[in-house]
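Pasted below: structure-v5.txt, compact mmCIF, C-alpha atoms.
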```
# COMPACT_ATOMS: atom_id res chain seq x y z
CA MET A 1 -12.20 130.33 96.92
CA VAL A 2 -9.82 133.18 97.67
CA ARG A 3 -7.00 132.04 99.94
CA LYS A 4 -6.10 134.19 102.92
CA PRO A 5 -2.56 135.65 103.12
CA ALA A 6 -1.75 133.39 106.08
CA ASP A 7 -2.79 130.32 104.07
CA ARG A 8 -0.62 131.41 101.14
CA GLU A 9 2.34 131.93 103.49
CA ARG A 10 1.92 128.47 105.05
CA SER A 11 1.85 126.82 101.62
CA ARG A 12 4.91 128.77 100.49
CA LYS A 13 7.11 128.07 103.51
CA PRO A 14 8.02 124.42 102.82
CA ASN A 15 9.19 125.29 99.29
CA MET A 16 11.12 128.30 100.52
CA ARG A 17 12.66 126.21 103.29
CA GLU A 18 13.91 123.71 100.71
CA ALA A 19 15.23 126.50 98.50
CA ILE A 20 17.17 127.94 101.44
CA LEU A 21 18.62 124.52 102.33
CA PHE A 22 19.64 123.90 98.72
CA ALA A 23 21.25 127.33 98.37
CA ALA A 24 23.10 127.05 101.68
CA GLU A 25 24.43 123.59 100.85
CA GLU A 26 25.68 124.75 97.46
CA LEU A 27 27.39 127.81 98.95
CA PHE A 28 28.91 125.96 101.91
CA SER A 29 30.23 123.25 99.57
CA THR A 30 32.07 125.78 97.41
CA LYS A 31 33.00 128.66 99.74
CA GLY A 32 33.07 127.10 103.19
CA PHE A 33 31.01 128.04 106.24
CA SER A 34 32.74 131.16 107.56
CA ALA A 35 32.81 133.02 104.22
CA VAL A 36 29.08 132.64 103.55
CA THR A 37 26.63 135.10 105.09
CA VAL A 38 22.90 134.82 105.72
CA ARG A 39 22.43 137.50 103.07
CA ASP A 40 24.38 135.37 100.55
CA ILE A 41 22.12 132.41 101.27
CA ALA A 42 18.97 134.49 100.99
CA GLN A 43 20.06 135.98 97.66
CA ALA A 44 20.91 132.54 96.23
CA ALA A 45 17.55 131.17 97.39
CA GLY A 46 15.55 134.09 96.00
CA ALA A 47 14.46 135.01 99.51
CA ASN A 48 15.06 137.80 101.98
CA PRO A 49 17.35 137.40 105.02
CA GLY A 50 14.32 137.37 107.29
CA SER A 51 13.09 134.17 105.63
CA VAL A 52 16.36 132.43 106.45
CA THR A 53 16.20 133.41 110.11
CA TYR A 54 12.47 132.60 110.23
CA HIS A 55 13.07 129.00 109.14
CA PHE A 56 16.44 128.35 110.80
CA LYS A 57 17.10 131.19 113.28
CA THR A 58 20.88 131.08 112.76
CA LYS A 59 23.41 130.00 110.15
CA ASP A 60 24.64 127.37 112.64
CA GLU A 61 21.19 125.75 112.80
CA LEU A 62 20.98 125.80 109.01
CA LEU A 63 24.25 123.84 108.72
CA LEU A 64 23.11 121.42 111.42
CA GLU A 65 19.89 120.74 109.48
CA ILE A 66 21.89 120.05 106.30
CA TYR A 67 23.94 117.46 108.18
CA ARG A 68 20.86 115.92 109.80
CA ARG A 69 18.92 115.46 106.58
CA HIS A 70 21.85 113.77 104.85
CA CYS A 71 23.41 111.87 107.70
CA LYS A 72 20.49 110.47 109.64
CA PRO A 73 19.65 107.87 106.94
CA MET A 74 23.36 107.24 106.34
CA ASN A 75 24.01 106.58 110.03
CA LEU A 76 20.94 104.37 110.37
CA ARG A 77 22.07 102.27 107.41
CA ARG A 78 25.58 102.02 108.81
CA ALA A 79 24.19 100.82 112.14
CA GLU A 80 22.06 98.15 110.41
CA LEU A 81 24.96 96.87 108.31
CA LEU A 82 27.35 96.95 111.25
CA ALA A 83 24.99 94.89 113.41
CA ALA A 84 24.83 92.27 110.66
CA ALA A 85 28.60 92.35 110.11
CA LYS A 86 29.33 91.69 113.77
CA ARG A 87 27.42 88.41 113.51
CA VAL A 88 29.75 87.03 110.81
CA ARG A 89 31.81 84.18 112.30
CA ASP A 90 34.88 84.15 110.06
CA LEU A 91 37.20 86.92 111.30
CA GLN A 92 38.45 87.93 107.84
CA ASP A 93 34.94 88.03 106.40
CA ARG A 94 33.72 89.90 109.46
CA LEU A 95 36.37 92.61 109.12
CA GLU A 96 35.52 93.09 105.45
CA ALA A 97 31.81 93.30 106.32
CA ILE A 98 32.52 95.88 109.04
CA VAL A 99 34.47 98.09 106.63
CA ARG A 100 31.82 97.67 103.93
CA ALA A 101 29.17 98.70 106.50
CA TYR A 102 30.99 102.00 106.86
CA VAL A 103 31.77 102.60 103.18
CA LEU A 104 28.64 101.41 101.38
CA PRO A 105 26.09 103.95 102.74
CA ALA A 106 28.19 106.86 101.47
CA PHE A 107 27.64 105.51 97.93
CA SER A 108 24.06 104.36 98.49
CA SER A 109 22.43 107.22 96.63
CA GLY A 110 23.43 109.25 93.62
CA SER A 111 21.08 112.01 94.75
CA ASP A 112 21.97 114.78 97.14
CA LEU A 113 19.78 113.17 99.80
CA ALA A 114 20.10 110.09 101.97
CA GLY A 115 23.84 110.01 102.30
CA GLY A 116 24.95 110.22 98.70
CA GLY A 117 25.98 112.96 96.36
CA ALA A 118 29.28 114.61 95.57
CA ARG A 119 28.05 118.03 96.70
CA PHE A 120 27.44 117.00 100.31
CA THR A 121 30.67 114.98 100.35
CA ARG A 122 32.52 118.07 99.13
CA LEU A 123 30.78 120.10 101.84
CA ARG A 124 31.89 117.59 104.49
CA ALA A 125 35.48 117.74 103.27
CA ILE A 126 35.50 121.54 103.32
CA MET A 127 33.87 121.72 106.75
CA SER A 128 36.44 119.27 108.15
CA ALA A 129 39.33 121.25 106.68
CA GLU A 130 38.01 124.65 107.72
CA GLY A 131 38.47 123.98 111.43
CA ASN A 132 35.62 126.25 112.51
CA GLU A 133 34.48 125.51 116.06
CA VAL A 134 30.81 125.41 115.05
CA THR A 135 31.47 122.91 112.28
CA ARG A 136 33.65 120.78 114.56
CA LEU A 137 30.81 120.51 117.07
CA ILE A 138 28.26 119.67 114.38
CA ILE A 139 30.52 117.00 112.87
CA ALA A 140 31.15 115.48 116.30
CA GLN A 141 27.44 115.56 117.16
CA THR A 142 26.51 113.94 113.85
CA PHE A 143 29.19 111.26 113.47
CA ASP A 144 30.95 110.45 116.74
CA ASP A 145 28.52 107.75 117.86
CA THR A 146 28.70 105.80 114.60
CA SER A 147 32.46 106.36 114.35
CA HIS A 148 33.00 104.93 117.84
CA ALA A 149 30.80 101.94 116.97
CA PHE A 150 32.84 101.28 113.81
CA ILE A 151 36.20 101.65 115.59
CA ASP A 152 35.09 99.39 118.45
CA ALA A 153 33.88 96.72 116.01
CA VAL A 154 37.22 96.78 114.19
CA HIS A 155 39.09 96.61 117.49
CA ASP A 156 37.04 93.59 118.58
CA SER A 157 38.11 91.88 115.35
CA LEU A 158 41.75 92.98 115.70
CA PRO A 159 42.34 93.09 119.47
CA HIS A 160 46.15 92.93 119.01
CA ILE A 161 46.11 96.35 117.29
CA PRO A 162 45.90 99.26 119.78
CA ARG A 163 42.62 101.13 119.48
CA ALA A 164 44.48 104.42 118.95
CA GLU A 165 46.08 102.98 115.82
CA ILE A 166 42.70 101.85 114.54
CA VAL A 167 41.52 105.44 115.03
CA TRP A 168 44.38 106.65 112.82
CA ARG A 169 43.61 104.06 110.13
CA SER A 170 39.89 104.88 110.16
CA HIS A 171 40.91 108.53 109.82
CA PHE A 172 42.78 107.66 106.63
CA LEU A 173 39.72 105.77 105.37
CA LEU A 174 37.60 108.90 105.77
CA GLY A 175 40.07 110.93 103.72
CA ALA A 176 40.09 108.27 101.01
CA LEU A 177 36.29 108.21 101.02
CA TYR A 178 36.06 111.97 100.57
CA TYR A 179 38.57 111.99 97.72
CA THR A 180 37.02 109.01 95.95
CA LEU A 181 33.55 110.57 95.93
CA VAL A 182 34.64 114.09 95.01
CA THR A 183 37.28 113.42 92.33
CA PRO A 184 36.43 110.13 90.55
CA GLU A 185 37.79 111.49 87.26
CA ARG A 186 41.33 111.29 88.67
CA VAL A 187 41.14 107.49 88.73
CA SER A 188 39.92 107.40 85.14
CA ARG A 189 42.67 109.77 84.03
CA LEU A 190 45.62 108.16 85.82
CA SER A 191 44.54 104.62 84.94
CA ARG A 192 44.43 105.78 81.29
CA GLY A 193 40.89 104.51 81.03
CA ASP A 194 41.54 101.06 82.48
CA SER A 195 39.34 101.97 85.46
CA ASP A 196 36.22 104.09 85.67
CA GLY A 197 36.41 106.29 88.74
CA ALA A 198 32.65 106.82 88.60
CA ASP A 199 31.97 103.08 88.97
CA ALA A 200 30.61 103.02 92.52
CA GLY A 201 30.74 99.24 92.84
CA ASP A 202 34.42 99.12 91.92
CA ALA A 203 35.21 102.09 94.17
CA ILE A 204 33.55 100.40 97.14
CA GLU A 205 35.47 97.14 96.66
CA GLN A 206 38.78 98.96 96.16
CA LEU A 207 38.22 100.99 99.33
CA VAL A 208 37.20 97.93 101.33
CA LYS A 209 40.20 95.86 100.24
CA ALA A 210 42.69 98.68 100.79
CA THR A 211 41.24 99.56 104.19
CA VAL A 212 41.18 95.95 105.41
CA ALA A 213 44.82 95.59 104.40
CA SER A 214 45.78 98.77 106.25
CA LEU A 215 43.82 97.75 109.36
CA GLN A 216 45.61 94.40 109.43
CA ALA A 217 49.09 95.92 109.09
CA PRO A 218 51.35 95.30 112.13
CA ALA A 219 51.08 97.81 114.93
CA LEU A 220 53.77 100.46 115.13
CA ASP A 221 56.78 99.52 117.23
CA ARG A 222 56.49 102.28 119.80
CA VAL A 223 59.02 103.22 122.48
CA ALA A 224 57.42 103.56 125.89
CA PRO A 225 57.24 107.19 127.16
CA ALA A 226 59.50 106.36 130.17
CA GLN A 227 62.15 104.96 127.85
CA ARG A 228 62.01 108.04 125.67
CA ARG A 229 62.56 110.29 128.68
CA SER A 230 65.50 108.26 129.99
CA ALA A 231 67.28 107.78 126.67
CA PRO A 232 70.68 109.62 126.70
CA PRO A 233 71.09 112.34 124.10
CA ALA A 234 73.08 111.34 121.06
CA LYS A 235 76.60 112.79 120.96
CA SER A 236 77.46 115.01 118.06
CA LEU A 237 80.75 114.65 116.29
CA ALA A 238 81.69 118.17 117.25
CA GLY A 239 80.77 117.52 120.87
CA ASP A 240 83.25 114.64 121.39
CA GLY A 241 86.31 116.42 120.10
CA HIS A 242 86.10 115.39 116.46
CA ALA A 243 85.53 118.03 113.87
CA PRO A 244 83.01 117.19 111.16
CA LYS A 245 84.55 116.26 107.85
```
Starting from the coordinates I provided, produce the structure as structure tokens.
Amino acid sequence: MVRKPADRERSRKPNMREAILFAAEELFSTKGFSAVTVRDIAQAAGANPGSVTYHFKTKDELLLEIYRRHCKPMNLRRAELLAAAKRVRDLQDRLEAIVRAYVLPAFSSGSDLAGGGARFTRLRAIMSAEGNEVTRLIIAQTFDDTSHAFIDAVHDSLPHIPRAEIVWRSHFLLGALYYTLVTPERVSRLSRGDSDGADAGDAIEQLVKATVASLQAPALDRVAPAQRRSAPPAKSLAGDGHAPK
């Protein structure tokens, strides 16, 4: 049976859509978002620019779809693990479980789907550093809900630490997570072979232990804003009649 052109086009579209997604992810993860054009993506995918806009309309929607396909399973897994962690009675064990609930799904797959993969992690790091307004909105839309849930769970376990400080410490965790996934060879090199940076199990435990320790560190001794405003300016040596020596 001879297939009609429309039938051939329908059967081709899913494969072309995947090729476009793959090409865009590879380009975004190496060149950033702003430097890559629709034409670049089409050329890398073996398509024409019209195919890119047919499937995704805009470059913004293409990036959003890349985030959705990777992060939806990651966020669902984080939510499941976090719900279980919050039921742990011992406070120390609970805090470790909460941190593990955040870290583990990023390592859950060695593929470039379902949360894992160095390429998507590299893309996330580049998008975060690029500071493009589109990428900022996509990152916020994708991760803010799960990030708030994680921060709130930590704060419930450490109520004596101001939530703003927990935000800072979770921010440092994210940077460590990016770097651990993207450059595992650095650990192998600097440990002179005593550690294997590509050992996901070891990386997870090291991240969990280090993060728990940082979360439990004493809160910063802050001066209240009113005190800062009322504090007299320090006198300089030159200002009180003594020449500097």
Report, in Å to a single decimal, how far apart atom CA of Leu207 of chain A and atom CA of Phe172 of chain A are.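 These two atoms are separated by 10.9 Å.
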Name the residues in contact with segment 47-52 of chain A at a cut-off of 7 Å, using only C-alpha atoms, excluding same-chain residues fewer than 6 positions from it; report them as number ranges by chain. A: 20, 38-39
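Between atom CA of Leu215 of chain A and atom CA of Lys86 of chain A the interatomic distance comes to 16.3 Å.
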Nearest to Leu220 of chain A by atom-to-atom distance, counting only C-alpha atoms, from A:Trp168, A:Ala97, A:Thr180, A:Leu62: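 Closest residue, counting only C-alpha atoms: A:Trp168.
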Which of these, A:Ile166, A:Phe143, A:Phe107, A:Ala85, has the shortest distance to Ala198 of chain A once you count only C-alpha atoms?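 Looking at the shortest contact to Ala198 of chain A, the residue is A:Phe107.
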In Å, with one decimal, what is the gap from atom CA of Pro105 of chain A to atom CA of Arg87 of chain A? 19.0 Å
Give the answer as one residue: which of A:Lys59, A:Arg169, A:Arg222, A:His160 has the shortest atom-to-atom distance to Thr135 of chain A, using only C-alpha atoms? A:Lys59
From the set A:Thr53, A:Thr146, A:Ser191, A:Asn132, which residue has the shortest atom-to-atom contact distance to Ala83 of chain A, counting all atoms listed in the file?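 Closest to Ala83 of chain A, using all atoms listed in the file: A:Thr146.
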If the box runs along x, y and z of the file and leaves 5 Å on each side of segment 124-135 of chain A, what are its centre and edge lengths in Å, one decimal, as AutoDock Vina command-line options?
```
--center_x 35.1 --center_y 121.9 --center_z 109.7 --size_x 18.5 --size_y 18.7 --size_z 22.8
```
Name the residues in contact with Leu82 of chain A at a cut-off of 12 Å, using only C-alpha atoms, excluding same-chain residues fewer than 5 positions from it; report them as an mmCIF file with C-alpha atoms, keeping the file's coordinate frame.
```cif
data_model
loop_
_atom_site.group_PDB
_atom_site.id
_atom_site.type_symbol
_atom_site.label_atom_id
_atom_site.label_comp_id
_atom_site.auth_asym_id
_atom_site.auth_seq_id
_atom_site.Cartn_x
_atom_site.Cartn_y
_atom_site.Cartn_z
ATOM 1 C CA ASN A 75 24.010 106.580 110.030
ATOM 2 C CA LEU A 76 20.940 104.370 110.370
ATOM 3 C CA ARG A 77 22.070 102.270 107.410
ATOM 4 C CA ARG A 87 27.420 88.410 113.510
ATOM 5 C CA VAL A 88 29.750 87.030 110.810
ATOM 6 C CA ARG A 94 33.720 89.900 109.460
ATOM 7 C CA LEU A 95 36.370 92.610 109.120
ATOM 8 C CA GLU A 96 35.520 93.090 105.450
ATOM 9 C CA ALA A 97 31.810 93.300 106.320
ATOM 10 C CA ILE A 98 32.520 95.880 109.040
ATOM 11 C CA VAL A 99 34.470 98.090 106.630
ATOM 12 C CA ARG A 100 31.820 97.670 103.930
ATOM 13 C CA ALA A 101 29.170 98.700 106.500
ATOM 14 C CA TYR A 102 30.990 102.000 106.860
ATOM 15 C CA VAL A 103 31.770 102.600 103.180
ATOM 16 C CA LEU A 104 28.640 101.410 101.380
ATOM 17 C CA PRO A 105 26.090 103.950 102.740
ATOM 18 C CA THR A 146 28.700 105.800 114.600
ATOM 19 C CA SER A 147 32.460 106.360 114.350
ATOM 20 C CA HIS A 148 33.000 104.930 117.840
ATOM 21 C CA ALA A 149 30.800 101.940 116.970
ATOM 22 C CA PHE A 150 32.840 101.280 113.810
ATOM 23 C CA ILE A 151 36.200 101.650 115.590
ATOM 24 C CA ASP A 152 35.090 99.390 118.450
ATOM 25 C CA ALA A 153 33.880 96.720 116.010
ATOM 26 C CA VAL A 154 37.220 96.780 114.190
#
```
Rank A:Leu181, A:Leu137, A:Ile126, A:Val187 by their smallest atom-to-atom distance to Glu25 of chain A, using all atoms listed in the file, and report the top residue only.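 Nearest candidate to Glu25 of chain A out of A:Leu181, A:Leu137, A:Ile126, A:Val187: A:Ile126.
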